[in-house]
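A quick write-up on the structure given underneath.
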Amino acid sequence: AVTGLAAGAIAQGALGQPGWAFPVVVIAVGTSVNLSLTSVGYVDNLVLGALVLGIAAVALARPDSPRSWAACGLLISAGVCIHWILTGTFLGILGLLALLLLPVSWKEARRGIRLHRTQSAQVGAIAVGGVFLGAAVFALMLPAHPDRILPGNVGEFRRKLRKSLPFYHLPAQLPVAAVGAAGLVPDRAPAQRRALLFLVAWMAVVGLSVVALRLEIHSAAHRILGSALALPILGAIGLVTITRLLGRFLGVAGSILGAGITVGGLVVGAAWGW
């Protein structure tokens, strides 16, 4: 429930979705396959999901606010104590977001905005600061150093990925998520642009982890996919986008039809997660 509420906060706060989209995103994420599979044997991932969405909610909405920096610092510290590898992966996603924001930041700099106030610098500062803070927490609070920095092996990770992959129904989920991403493209507000690029970066990291595993590189792709809550978030926004488009072109009848599609999509998603 907490993870779903955090996802809803991103949808309504950073992504600027209408109020009725909040429960759609909360239900879609809260009943998703990601959380269902994660709850079986990966409780650390389950708790971490709410924390990283909390970090994203404040970092995407107000990356220039000292309050956001303090909140991100507290949540990153907690995340490192729970699962430092996945917390580091999430900080890498924020770093990738900072790179994706470079073209926008370049335009901002040319308009006279100081470099440290550009979007890329602000998001990058949270990512880099999180790395140093996480390293300090890791060194000071870890009861003992791990036997291996990267646990598991490639063969085991491949087996787990093959076993879990069919549960995600990606041939059905990915097109709906793509609709959600496409529906966010016209938004020009800085926070909405950051949030869209963040979700795209998150999905890109999942893809890279799968490719790395196929190349015999040590990558826990099954856990990274399980923690990729960008997929159900984009899927929920895809349902919202379909409903809004039907209402725009078909009026009341379209809105009713879209509502039926949205409810049906949520029911199917919950059945998959069950």
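Residues in the structure tokens are numbered from 1 in each chain, the chains being A, B, ... in the order shown, and ligands are numbered from 1 in the order shown.
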
(Q) For Leu102 (chain A), find every residue with an atom within 10 Å (counting only C-alpha atoms), except residues of its own chain fewer than 6 positions away, and show them as a ChimeraX atom specification. (A) /A:108,118-121

Could you write those residues out with N, CA and C atoms, as a short mmCIF file (atom, residue, chain, number, x, y, z; two decimals), in the first residue's frame?
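Now in again-v3.cif:
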```cif
data_model
loop_
_atom_site.label_atom_id
_atom_site.label_comp_id
_atom_site.auth_asym_id
_atom_site.auth_seq_id
_atom_site.Cartn_x
_atom_site.Cartn_y
_atom_site.Cartn_z
N GLU A 108 19.19 25.98 -20.82
CA GLU A 108 19.02 26.84 -19.65
C GLU A 108 20.26 27.69 -19.42
N THR A 118 20.95 24.49 -13.04
CA THR A 118 20.31 23.76 -14.13
C THR A 118 19.76 22.43 -13.61
N GLN A 119 18.79 21.89 -14.34
CA GLN A 119 18.15 20.64 -13.90
C GLN A 119 19.15 19.49 -13.82
N SER A 120 20.03 19.40 -14.80
CA SER A 120 21.00 18.32 -14.81
C SER A 120 21.93 18.38 -13.60
N ALA A 121 22.37 19.60 -13.26
CA ALA A 121 23.27 19.75 -12.11
C ALA A 121 22.55 19.41 -10.81
#
```

Q | All residues 9 Å or closer to Leu86 (chain A), only C-alpha atoms, same chain fewer than 4 positions away omitted, as a list of chain:residue names | A | A:Asn45, A:Leu48, A:Gly79, A:Val80, A:Phe90, A:Leu91, A:Arg223, A:Ile224, A:Ser227

Q. Which one is closest to Phe157 (chain A): A:Val210, A:Ile233, A:Val43, A:Ala228? Count only C-alpha atoms.
A. A:Val210

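Nearest residue to Gly130 (chain A) among A:Phe22, A:Phe249, A:Trp69, A:Trp272 is A:Trp69, counting only C-alpha atoms.
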
Q: Compare A:Ala98, A:Leu239, A:Leu266, A:Ala59 by their minimum atom-to-atom distance to Gly183 (chain A), counting only C-alpha atoms, and give me the closest one.
A: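 Nearest to Gly183 (chain A): A:Leu239.
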